[in-house]
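Participant: Sharing target.json (JSON, N, CA and C atoms and all ligand atoms) below.
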[["chain", "number", "residue", "atom", "x", "y", "z"],
["A", 1, "MET", "N", 112.32, 195.11, 85.24],
["A", 1, "MET", "CA", 113.18, 194.79, 86.40],
["A", 1, "MET", "C", 112.39, 194.90, 87.69],
["A", 2, "MET", "N", 111.59, 195.97, 87.76],
["A", 2, "MET", "CA", 110.76, 196.18, 88.95],
["A", 2, "MET", "C", 109.74, 195.04, 89.09],
["A", 3, "ILE", "N", 109.18, 194.64, 87.96],
["A", 3, "ILE", "CA", 108.17, 193.58, 87.99],
["A", 3, "ILE", "C", 108.78, 192.26, 88.47],
["A", 4, "LYS", "N", 110.02, 192.01, 88.00],
["A", 4, "LYS", "CA", 110.68, 190.77, 88.38],
["A", 4, "LYS", "C", 110.92, 190.73, 89.90],
["A", 5, "THR", "N", 111.31, 191.88, 90.44],
["A", 5, "THR", "CA", 111.54, 191.96, 91.89],
["A", 5, "THR", "C", 110.25, 191.68, 92.65],
["A", 6, "LEU", "N", 109.16, 192.23, 92.15],
["A", 6, "LEU", "CA", 107.87, 192.03, 92.78],
["A", 6, "LEU", "C", 107.49, 190.55, 92.74],
["A", 7, "SER", "N", 107.73, 189.92, 91.59],
["A", 7, "SER", "CA", 107.40, 188.50, 91.46],
["A", 7, "SER", "C", 108.19, 187.69, 92.47],
["A", 8, "CYS", "N", 109.45, 188.07, 92.64],
["A", 8, "CYS", "CA", 110.28, 187.38, 93.62],
["A", 8, "CYS", "C", 109.67, 187.53, 95.02],
["A", 9, "ALA", "N", 109.25, 188.73, 95.34],
["A", 9, "ALA", "CA", 108.68, 188.98, 96.66],
["A", 9, "ALA", "C", 107.42, 188.16, 96.86],
["A", 10, "VAL", "N", 106.59, 188.08, 95.84],
["A", 10, "VAL", "CA", 105.36, 187.29, 95.94],
["A", 10, "VAL", "C", 105.70, 185.83, 96.13],
["A", 11, "ALA", "N", 106.70, 185.36, 95.36],
["A", 11, "ALA", "CA", 107.10, 183.95, 95.46],
["A", 11, "ALA", "C", 107.61, 183.66, 96.87],
["A", 12, "LEU", "N", 108.39, 184.58, 97.42],
["A", 12, "LEU", "CA", 108.91, 184.38, 98.77],
["A", 12, "LEU", "C", 107.78, 184.36, 99.79],
["A", 13, "THR", "N", 106.81, 185.25, 99.58],
["A", 13, "THR", "CA", 105.67, 185.29, 100.50],
["A", 13, "THR", "C", 104.91, 183.97, 100.47],
["A", 14, "LEU", "N", 104.70, 183.46, 99.24],
["A", 14, "LEU", "CA", 103.99, 182.19, 99.10],
["A", 14, "LEU", "C", 104.78, 181.07, 99.78],
["A", 15, "LEU", "N", 106.10, 181.10, 99.60],
["A", 15, "LEU", "CA", 106.94, 180.07, 100.20],
["A", 15, "LEU", "C", 106.83, 180.11, 101.72],
["A", 16, "SER", "N", 106.92, 181.30, 102.30],
["A", 16, "SER", "CA", 106.89, 181.40, 103.75],
["A", 16, "SER", "C", 105.50, 181.03, 104.27],
["A", 17, "THR", "N", 104.46, 181.33, 103.50],
["A", 17, "THR", "CA", 103.11, 180.94, 103.89],
["A", 17, "THR", "C", 103.00, 179.42, 103.92],
["A", 18, "ALA", "N", 103.59, 178.77, 102.90],
["A", 18, "ALA", "CA", 103.57, 177.31, 102.85],
["A", 18, "ALA", "C", 104.34, 176.73, 104.03],
["A", 19, "ALA", "N", 105.47, 177.37, 104.36],
["A", 19, "ALA", "CA", 106.27, 176.89, 105.49],
["A", 19, "ALA", "C", 105.48, 177.02, 106.79],
["A", 20, "MET", "N", 104.75, 178.12, 106.95],
["A", 20, "MET", "CA", 103.95, 178.32, 108.15],
["A", 20, "MET", "C", 102.84, 177.27, 108.23],
["A", 21, "ALA", "N", 102.25, 176.94, 107.08],
["A", 21, "ALA", "CA", 101.20, 175.92, 107.07],
["A", 21, "ALA", "C", 101.77, 174.58, 107.51],
["A", 22, "ALA", "N", 103.01, 174.30, 107.07],
["A", 22, "ALA", "CA", 103.64, 173.04, 107.46],
["A", 22, "ALA", "C", 103.88, 173.03, 108.96],
["A", 23, "ASP", "N", 104.31, 174.16, 109.50],
["A", 23, "ASP", "CA", 104.51, 174.25, 110.95],
["A", 23, "ASP", "C", 103.21, 173.98, 111.69],
["A", 24, "GLY", "N", 102.12, 174.51, 111.13],
["A", 24, "GLY", "CA", 100.82, 174.30, 111.76],
["A", 24, "GLY", "C", 100.46, 172.83, 111.82],
["A", 25, "ASP", "N", 100.77, 172.09, 110.76],
["A", 25, "ASP", "CA", 100.49, 170.66, 110.76],
["A", 25, "ASP", "C", 101.31, 169.95, 111.83],
["A", 26, "GLN", "N", 102.58, 170.38, 111.97],
["A", 26, "GLN", "CA", 103.42, 169.75, 112.98],
["A", 26, "GLN", "C", 102.87, 170.02, 114.38],
["A", 27, "MET", "N", 102.38, 171.24, 114.58],
["A", 27, "MET", "CA", 101.81, 171.57, 115.89],
["A", 27, "MET", "C", 100.58, 170.73, 116.16],
["A", 28, "LYS", "N", 99.80, 170.46, 115.10],
["A", 28, "LYS", "CA", 98.61, 169.64, 115.26],
["A", 28, "LYS", "C", 99.01, 168.22, 115.66],
["A", 29, "ASP", "N", 100.10, 167.71, 115.06],
["A", 29, "ASP", "CA", 100.59, 166.39, 115.43],
["A", 29, "ASP", "C", 100.99, 166.36, 116.90],
["A", 30, "ALA", "N", 101.68, 167.41, 117.34],
["A", 30, "ALA", "CA", 102.12, 167.46, 118.73],
["A", 30, "ALA", "C", 100.92, 167.48, 119.66],
["A", 31, "ALA", "N", 99.87, 168.20, 119.28],
["A", 31, "ALA", "CA", 98.67, 168.26, 120.10],
["A", 31, "ALA", "C", 98.01, 166.89, 120.18],
["A", 32, "THR", "N", 98.03, 166.16, 119.07],
["A", 32, "THR", "CA", 97.45, 164.82, 119.06],
["A", 32, "THR", "C", 98.22, 163.91, 120.01],
["A", 33, "GLN", "N", 99.55, 164.04, 120.00],
["A", 33, "GLN", "CA", 100.37, 163.22, 120.89],
["A", 33, "GLN", "C", 100.09, 163.59, 122.34],
["A", 34, "ALA", "N", 99.90, 164.87, 122.60],
["A", 34, "ALA", "CA", 99.67, 165.32, 123.97],
["A", 34, "ALA", "C", 98.34, 164.81, 124.49],
["A", 35, "ALA", "N", 97.43, 164.43, 123.58],
["A", 35, "ALA", "CA", 96.12, 163.96, 123.99],
["A", 35, "ALA", "C", 96.19, 162.53, 124.54],
["A", 36, "LYS", "N", 97.30, 161.83, 124.29],
["A", 36, "LYS", "CA", 97.44, 160.49, 124.85],
["A", 36, "LYS", "C", 97.55, 160.60, 126.38],
["A", 37, "PRO", "N", 97.09, 159.57, 127.08],
["A", 37, "PRO", "CA", 97.18, 159.61, 128.54],
["A", 37, "PRO", "C", 98.63, 159.80, 128.99],
["A", 38, "ALA", "N", 98.82, 160.65, 129.96],
["A", 38, "ALA", "CA", 100.16, 160.88, 130.50],
["A", 38, "ALA", "C", 100.61, 159.64, 131.27],
["A", 39, "SER", "N", 101.92, 159.48, 131.37],
["A", 39, "SER", "CA", 102.43, 158.35, 132.13],
["A", 39, "SER", "C", 102.31, 158.63, 133.63],
["A", 40, "PHE", "N", 102.34, 157.56, 134.40],
["A", 40, "PHE", "CA", 102.26, 157.70, 135.86],
["A", 40, "PHE", "C", 103.37, 158.61, 136.38],
["A", 41, "GLU", "N", 104.57, 158.40, 135.87],
["A", 41, "GLU", "CA", 105.71, 159.21, 136.31],
["A", 41, "GLU", "C", 105.51, 160.68, 135.97],
["A", 42, "ALA", "N", 104.93, 160.94, 134.78],
["A", 42, "ALA", "CA", 104.74, 162.33, 134.36],
["A", 42, "ALA", "C", 103.68, 163.02, 135.23],
["A", 43, "LEU", "N", 102.66, 162.26, 135.62],
["A", 43, "LEU", "CA", 101.58, 162.87, 136.41],
["A", 43, "LEU", "C", 101.97, 163.04, 137.88],
["A", 44, "ASP", "N", 102.85, 162.17, 138.37],
["A", 44, "ASP", "CA", 103.24, 162.24, 139.78],
["A", 44, "ASP", "C", 104.24, 163.39, 139.96],
["A", 45, "ALA", "N", 103.69, 164.61, 140.01],
["A", 45, "ALA", "CA", 104.53, 165.81, 139.98],
["A", 45, "ALA", "C", 105.44, 165.91, 141.20],
["A", 46, "ASP", "N", 104.96, 165.48, 142.36],
["A", 46, "ASP", "CA", 105.78, 165.62, 143.57],
["A", 46, "ASP", "C", 106.55, 164.33, 143.89],
["A", 47, "LYS", "N", 106.47, 163.35, 142.99],
["A", 47, "LYS", "CA", 107.27, 162.12, 143.08],
["A", 47, "LYS", "C", 107.10, 161.40, 144.41],
["A", 48, "ASP", "N", 105.86, 161.38, 144.94],
["A", 48, "ASP", "CA", 105.64, 160.63, 146.17],
["A", 48, "ASP", "C", 105.12, 159.23, 145.88],
["A", 49, "GLY", "N", 105.12, 158.84, 144.62],
["A", 49, "GLY", "CA", 104.76, 157.49, 144.26],
["A", 49, "GLY", "C", 103.27, 157.26, 144.10],
["A", 50, "ARG", "N", 102.51, 158.33, 144.13],
["A", 50, "ARG", "CA", 101.07, 158.22, 143.93],
["A", 50, "ARG", "C", 100.58, 159.51, 143.25],
["A", 51, "VAL", "N", 99.48, 159.38, 142.54],
["A", 51, "VAL", "CA", 98.93, 160.52, 141.80],
["A", 51, "VAL", "C", 97.68, 161.01, 142.52],
["A", 52, "SER", "N", 97.73, 162.24, 142.99],
["A", 52, "SER", "CA", 96.56, 162.83, 143.64],
["A", 52, "SER", "C", 95.59, 163.33, 142.58],
["A", 53, "LEU", "N", 94.39, 163.67, 143.00],
["A", 53, "LEU", "CA", 93.41, 164.21, 142.06],
["A", 53, "LEU", "C", 93.92, 165.52, 141.46],
["A", 54, "THR", "N", 94.64, 166.29, 142.26],
["A", 54, "THR", "CA", 95.23, 167.54, 141.76],
["A", 54, "THR", "C", 96.23, 167.25, 140.65],
["A", 55, "GLU", "N", 97.07, 166.25, 140.86],
["A", 55, "GLU", "CA", 98.06, 165.88, 139.84],
["A", 55, "GLU", "C", 97.36, 165.30, 138.62],
["A", 56, "ALA", "N", 96.30, 164.53, 138.86],
["A", 56, "ALA", "CA", 95.56, 163.92, 137.75],
["A", 56, "ALA", "C", 94.89, 164.97, 136.88],
["A", 57, "ALA", "N", 94.68, 166.17, 137.41],
["A", 57, "ALA", "CA", 94.01, 167.23, 136.66],
["A", 57, "ALA", "C", 94.80, 167.59, 135.40],
["A", 58, "ALA", "N", 96.06, 167.21, 135.34],
["A", 58, "ALA", "CA", 96.87, 167.48, 134.15],
["A", 58, "ALA", "C", 96.40, 166.63, 132.97],
["A", 59, "ASP", "N", 95.63, 165.58, 133.22],
["A", 59, "ASP", "CA", 95.16, 164.70, 132.15],
["A", 59, "ASP", "C", 93.67, 164.45, 132.34],
["A", 60, "SER", "N", 92.86, 164.95, 131.40],
["A", 60, "SER", "CA", 91.41, 164.87, 131.57],
["A", 60, "SER", "C", 90.93, 163.43, 131.63],
["A", 61, "ALA", "N", 91.58, 162.53, 130.87],
["A", 61, "ALA", "CA", 91.15, 161.13, 130.87],
["A", 61, "ALA", "C", 91.40, 160.50, 132.24],
["A", 62, "VAL", "N", 92.52, 160.86, 132.86],
["A", 62, "VAL", "CA", 92.82, 160.33, 134.19],
["A", 62, "VAL", "C", 91.85, 160.91, 135.21],
["A", 63, "THR", "N", 91.55, 162.19, 135.07],
["A", 63, "THR", "CA", 90.60, 162.83, 135.99],
["A", 63, "THR", "C", 89.24, 162.13, 135.92],
["A", 64, "GLU", "N", 88.79, 161.84, 134.69],
["A", 64, "GLU", "CA", 87.49, 161.21, 134.51],
["A", 64, "GLU", "C", 87.45, 159.82, 135.13],
["A", 65, "GLY", "N", 88.56, 159.07, 135.00],
["A", 65, "GLY", "CA", 88.56, 157.70, 135.50],
["A", 65, "GLY", "C", 89.07, 157.58, 136.93],
["A", 66, "PHE", "N", 89.36, 158.73, 137.56],
["A", 66, "PHE", "CA", 90.07, 158.71, 138.84],
["A", 66, "PHE", "C", 89.34, 157.91, 139.91],
["A", 67, "SER", "N", 88.07, 158.25, 140.15],
["A", 67, "SER", "CA", 87.36, 157.62, 141.25],
["A", 67, "SER", "C", 87.18, 156.12, 141.01],
["A", 68, "GLY", "N", 86.98, 155.75, 139.73],
["A", 68, "GLY", "CA", 86.83, 154.33, 139.41],
["A", 68, "GLY", "C", 88.13, 153.57, 139.57],
["A", 69, "ALA", "N", 89.24, 154.24, 139.30],
["A", 69, "ALA", "CA", 90.54, 153.56, 139.37],
["A", 69, "ALA", "C", 91.07, 153.51, 140.80],
["A", 70, "ASP", "N", 90.58, 154.42, 141.65],
["A", 70, "ASP", "CA", 91.07, 154.47, 143.04],
["A", 70, "ASP", "C", 90.38, 153.38, 143.85],
["A", 71, "LYS", "N", 90.91, 152.16, 143.70],
["A", 71, "LYS", "CA", 90.24, 150.98, 144.27],
["A", 71, "LYS", "C", 90.08, 151.07, 145.78],
["A", 72, "ASN", "N", 91.09, 151.61, 146.49],
["A", 72, "ASN", "CA", 90.98, 151.66, 147.94],
["A", 72, "ASN", "C", 90.47, 153.01, 148.42],
["A", 73, "ALA", "N", 90.02, 153.84, 147.48],
["A", 73, "ALA", "CA", 89.34, 155.11, 147.80],
["A", 73, "ALA", "C", 90.10, 155.96, 148.80],
["A", 74, "ASP", "N", 91.44, 156.03, 148.64],
["A", 74, "ASP", "CA", 92.22, 156.88, 149.53],
["A", 74, "ASP", "C", 92.51, 158.24, 148.91],
["A", 75, "GLY", "N", 91.94, 158.47, 147.73],
["A", 75, "GLY", "CA", 92.13, 159.78, 147.10],
["A", 75, "GLY", "C", 93.41, 159.88, 146.28],
["A", 76, "TYR", "N", 94.13, 158.76, 146.17],
["A", 76, "TYR", "CA", 95.34, 158.75, 145.36],
["A", 76, "TYR", "C", 95.34, 157.51, 144.47],
["A", 77, "LEU", "N", 95.97, 157.62, 143.32],
["A", 77, "LEU", "CA", 96.21, 156.46, 142.49],
["A", 77, "LEU", "C", 97.66, 156.03, 142.66],
["A", 78, "ASP", "N", 97.87, 154.79, 143.15],
["A", 78, "ASP", "CA", 99.23, 154.28, 143.16],
["A", 78, "ASP", "C", 99.52, 153.67, 141.78],
["A", 79, "ALA", "N", 100.73, 153.18, 141.59],
["A", 79, "ALA", "CA", 101.13, 152.70, 140.26],
["A", 79, "ALA", "C", 100.22, 151.57, 139.79],
["A", 80, "GLU", "N", 99.83, 150.70, 140.74],
["A", 80, "GLU", "CA", 98.98, 149.57, 140.38],
["A", 80, "GLU", "C", 97.59, 150.04, 139.96],
["A", 81, "GLU", "N", 97.04, 150.97, 140.73],
["A", 81, "GLU", "CA", 95.71, 151.49, 140.40],
["A", 81, "GLU", "C", 95.75, 152.25, 139.07],
["A", 82, "PHE", "N", 96.82, 153.01, 138.88],
["A", 82, "PHE", "CA", 96.96, 153.77, 137.64],
["A", 82, "PHE", "C", 97.06, 152.82, 136.46],
["A", 83, "GLY", "N", 97.82, 151.75, 136.63],
["A", 83, "GLY", "CA", 97.97, 150.76, 135.55],
["A", 83, "GLY", "C", 96.66, 150.10, 135.22],
["A", 84, "GLY", "N", 95.82, 149.93, 136.24],
["A", 84, "GLY", "CA", 94.52, 149.31, 136.02],
["A", 84, "GLY", "C", 93.56, 150.16, 135.20],
["A", 85, "MET", "N", 93.85, 151.46, 135.13],
["A", 85, "MET", "CA", 92.95, 152.36, 134.38],
["A", 85, "MET", "C", 92.86, 151.99, 132.92],
["A", 86, "SER", "N", 93.99, 151.56, 132.33],
["A", 86, "SER", "CA", 94.00, 151.28, 130.91],
["A", 86, "SER", "C", 93.49, 149.88, 130.60],
["A", 87, "GLU", "N", 93.28, 149.08, 131.66],
["A", 87, "GLU", "CA", 92.73, 147.74, 131.46],
["A", 87, "GLU", "C", 91.24, 147.86, 131.13],
["A", 88, "PRO", "N", 90.73, 146.94, 130.32],
["A", 88, "PRO", "CA", 89.29, 146.98, 130.01],
["A", 88, "PRO", "C", 88.47, 146.79, 131.28],
["A", 89, "GLN", "N", 87.47, 147.64, 131.45],
["A", 89, "GLN", "CA", 86.61, 147.51, 132.63],
["A", 89, "GLN", "C", 85.66, 146.34, 132.43],
["A", 90, "SER", "N", 85.54, 145.50, 133.47],
["A", 90, "SER", "CA", 84.62, 144.36, 133.33],
["A", 90, "SER", "C", 83.81, 144.21, 134.61],
["A", 101, "CA", "CA", 102.16, 162.65, 143.74],
["A", 102, "CA", "CA", 94.23, 154.54, 145.89]]
Produce structure tokens that represent the structure in this file.
Facilitator:
Amino acid sequence: MMIKTLSCAVALTLLSTAAMAADGDQMKDAATQAAKPASFEALDADKDGRVSLTEAAADSAVTEGFSGADKNADGYLDAEEFGGMSEPQS
């Protein structure tokens, strides 16, 4: 009887370990999604219609492309400039 109880406990432990592993996979998926470039609306934290370099810091890809995308070099990306970032550079 004691052995059976122990087996149950081991089985439960294995089950919960498997469940935790599954959670880990889901978290990895979420992290992959978060790696996609943020939307203009999401980055424009103060909703002034333009993304500053400070706001762009929330997305490393936007930060890297910031100076190239800022066509009029005013230190902000407007919606048009932001949209141009995903266009192929030529
Ligand atoms: Ca802004
Ligand atoms: Ca600009």
Participant: Just want the 9 Å neighbourhood of range 62-79 of chain A, counted on only C-alpha atoms, with same-chain residues fewer than 2 positions away dropped. Output as a PyMOL selection string.
Facilitator: chain A and resi 37-38+40-41+49-60+81-85
Participant: What is the atom N of Glu80 in chain A to atom CA of ligand CA 102 (chain A) distance in Å?
Facilitator: 8.5 Å
Participant: When you draw a straight line from CA of Ala61 in chain A to CA of Asp48 in chain A, how long is it in Å?
Facilitator: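 That distance, rounded to one decimal, is 21.1 Å.
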Participant: Mind giving me the straight-line distance from atom C of Asp44 in chain A to CA of Ser86 in chain A in Å, one decimal?
Facilitator: 18.3 Å
Participant: Let me have the centre and edge lengths in Å, one decimal, of the box along x, y and z around every listed atom of range 58-66 of chain A with 4 Å of margin on each side, as AutoDock Vina command-line options.
Facilitator:
--center_x 92.2 --center_y 162.5 --center_z 135.4 --size_x 17.4 --size_y 17.9 --size_z 17.0
Participant: Emit range 48-70 of chain A of the structure in the block as a file comprising N, CA and C atoms, as a PDB file, in the first residue's frame.
Facilitator:
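Full text of out20.pdb as output:
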ATOM      1  N   ASP A  48       2.084  60.917 -29.707  1.00  0.00           N
ATOM      2  CA  ASP A  48       2.182  62.198 -30.391  1.00  0.00           C
ATOM      3  C   ASP A  48       2.320  62.016 -31.895  1.00  0.00           C
ATOM      4  N   GLY A  49       2.148  60.790 -32.366  1.00  0.00           N
ATOM      5  CA  GLY A  49       2.133  60.539 -33.792  1.00  0.00           C
ATOM      6  C   GLY A  49       3.507  60.346 -34.396  1.00  0.00           C
ATOM      7  N   ARG A  50       4.515  60.252 -33.558  1.00  0.00           N
ATOM      8  CA  ARG A  50       5.866  60.011 -34.045  1.00  0.00           C
ATOM      9  C   ARG A  50       6.623  59.203 -32.985  1.00  0.00           C
ATOM     10  N   VAL A  51       7.613  58.459 -33.438  1.00  0.00           N
ATOM     11  CA  VAL A  51       8.383  57.610 -32.539  1.00  0.00           C
ATOM     12  C   VAL A  51       9.754  58.232 -32.328  1.00  0.00           C
ATOM     13  N   SER A  52      10.047  58.599 -31.102  1.00  0.00           N
ATOM     14  CA  SER A  52      11.362  59.152 -30.778  1.00  0.00           C
ATOM     15  C   SER A  52      12.368  58.017 -30.619  1.00  0.00           C
ATOM     16  N   LEU A  53      13.630  58.355 -30.568  1.00  0.00           N
ATOM     17  CA  LEU A  53      14.662  57.338 -30.367  1.00  0.00           C
ATOM     18  C   LEU A  53      14.462  56.648 -29.020  1.00  0.00           C
ATOM     19  N   THR A  54      14.008  57.401 -28.035  1.00  0.00           N
ATOM     20  CA  THR A  54      13.724  56.815 -26.721  1.00  0.00           C
ATOM     21  C   THR A  54      12.613  55.772 -26.828  1.00  0.00           C
ATOM     22  N   GLU A  55      11.562  56.107 -27.559  1.00  0.00           N
ATOM     23  CA  GLU A  55      10.458  55.156 -27.736  1.00  0.00           C
ATOM     24  C   GLU A  55      10.918  53.964 -28.572  1.00  0.00           C
ATOM     25  N   ALA A  56      11.756  54.228 -29.563  1.00  0.00           N
ATOM     26  CA  ALA A  56      12.253  53.158 -30.422  1.00  0.00           C
ATOM     27  C   ALA A  56      13.120  52.171 -29.651  1.00  0.00           C
ATOM     28  N   ALA A  57      13.655  52.590 -28.507  1.00  0.00           N
ATOM     29  CA  ALA A  57      14.523  51.721 -27.707  1.00  0.00           C
ATOM     30  C   ALA A  57      13.782  50.463 -27.251  1.00  0.00           C
ATOM     31  N   ALA A  58      12.456  50.487 -27.305  1.00  0.00           N
ATOM     32  CA  ALA A  58      11.676  49.303 -26.928  1.00  0.00           C
ATOM     33  C   ALA A  58      11.846  48.185 -27.949  1.00  0.00           C
ATOM     34  N   ASP A  59      12.343  48.504 -29.143  1.00  0.00           N
ATOM     35  CA  ASP A  59      12.510  47.499 -30.192  1.00  0.00           C
ATOM     36  C   ASP A  59      13.899  47.655 -30.799  1.00  0.00           C
ATOM     37  N   SER A  60      14.752  46.640 -30.591  1.00  0.00           N
ATOM     38  CA  SER A  60      16.143  46.763 -31.025  1.00  0.00           C
ATOM     39  C   SER A  60      16.251  46.928 -32.535  1.00  0.00           C
ATOM     40  N   ALA A  61      15.358  46.278 -33.295  1.00  0.00           N
ATOM     41  CA  ALA A  61      15.415  46.385 -34.746  1.00  0.00           C
ATOM     42  C   ALA A  61      15.101  47.809 -35.196  1.00  0.00           C
ATOM     43  N   VAL A  62      14.147  48.434 -34.514  1.00  0.00           N
ATOM     44  CA  VAL A  62      13.792  49.816 -34.850  1.00  0.00           C
ATOM     45  C   VAL A  62      14.938  50.749 -34.464  1.00  0.00           C
ATOM     46  N   THR A  63      15.543  50.489 -33.311  1.00  0.00           N
ATOM     47  CA  THR A  63      16.678  51.307 -32.875  1.00  0.00           C
ATOM     48  C   THR A  63      17.804  51.250 -33.896  1.00  0.00           C
ATOM     49  N   GLU A  64      18.097  50.039 -34.383  1.00  0.00           N
ATOM     50  CA  GLU A  64      19.190  49.866 -35.341  1.00  0.00           C
ATOM     51  C   GLU A  64      18.909  50.603 -36.644  1.00  0.00           C
ATOM     52  N   GLY A  65      17.646  50.575 -37.088  1.00  0.00           N
ATOM     53  CA  GLY A  65      17.325  51.196 -38.368  1.00  0.00           C
ATOM     54  C   GLY A  65      16.887  52.645 -38.246  1.00  0.00           C
ATOM     55  N   PHE A  66      16.929  53.180 -37.021  1.00  0.00           N
ATOM     56  CA  PHE A  66      16.312  54.486 -36.765  1.00  0.00           C
ATOM     57  C   PHE A  66      16.888  55.589 -37.641  1.00  0.00           C
ATOM     58  N   SER A  67      18.207  55.754 -37.615  1.00  0.00           N
ATOM     59  CA  SER A  67      18.803  56.881 -38.332  1.00  0.00           C
ATOM     60  C   SER A  67      18.582  56.759 -39.835  1.00  0.00           C
ATOM     61  N   GLY A  68      18.611  55.514 -40.336  1.00  0.00           N
ATOM     62  CA  GLY A  68      18.382  55.311 -41.768  1.00  0.00           C
ATOM     63  C   GLY A  68      16.943  55.589 -42.163  1.00  0.00           C
ATOM     64  N   ALA A  69      16.020  55.304 -41.255  1.00  0.00           N
ATOM     65  CA  ALA A  69      14.603  55.481 -41.567  1.00  0.00           C
ATOM     66  C   ALA A  69      14.160  56.929 -41.381  1.00  0.00           C
ATOM     67  N   ASP A  70      14.906  57.679 -40.557  1.00  0.00           N
ATOM     68  CA  ASP A  70      14.536  59.070 -40.281  1.00  0.00           C
ATOM     69  C   ASP A  70      14.966  59.953 -41.452  1.00  0.00           C
TER      70      ASP A  70
END
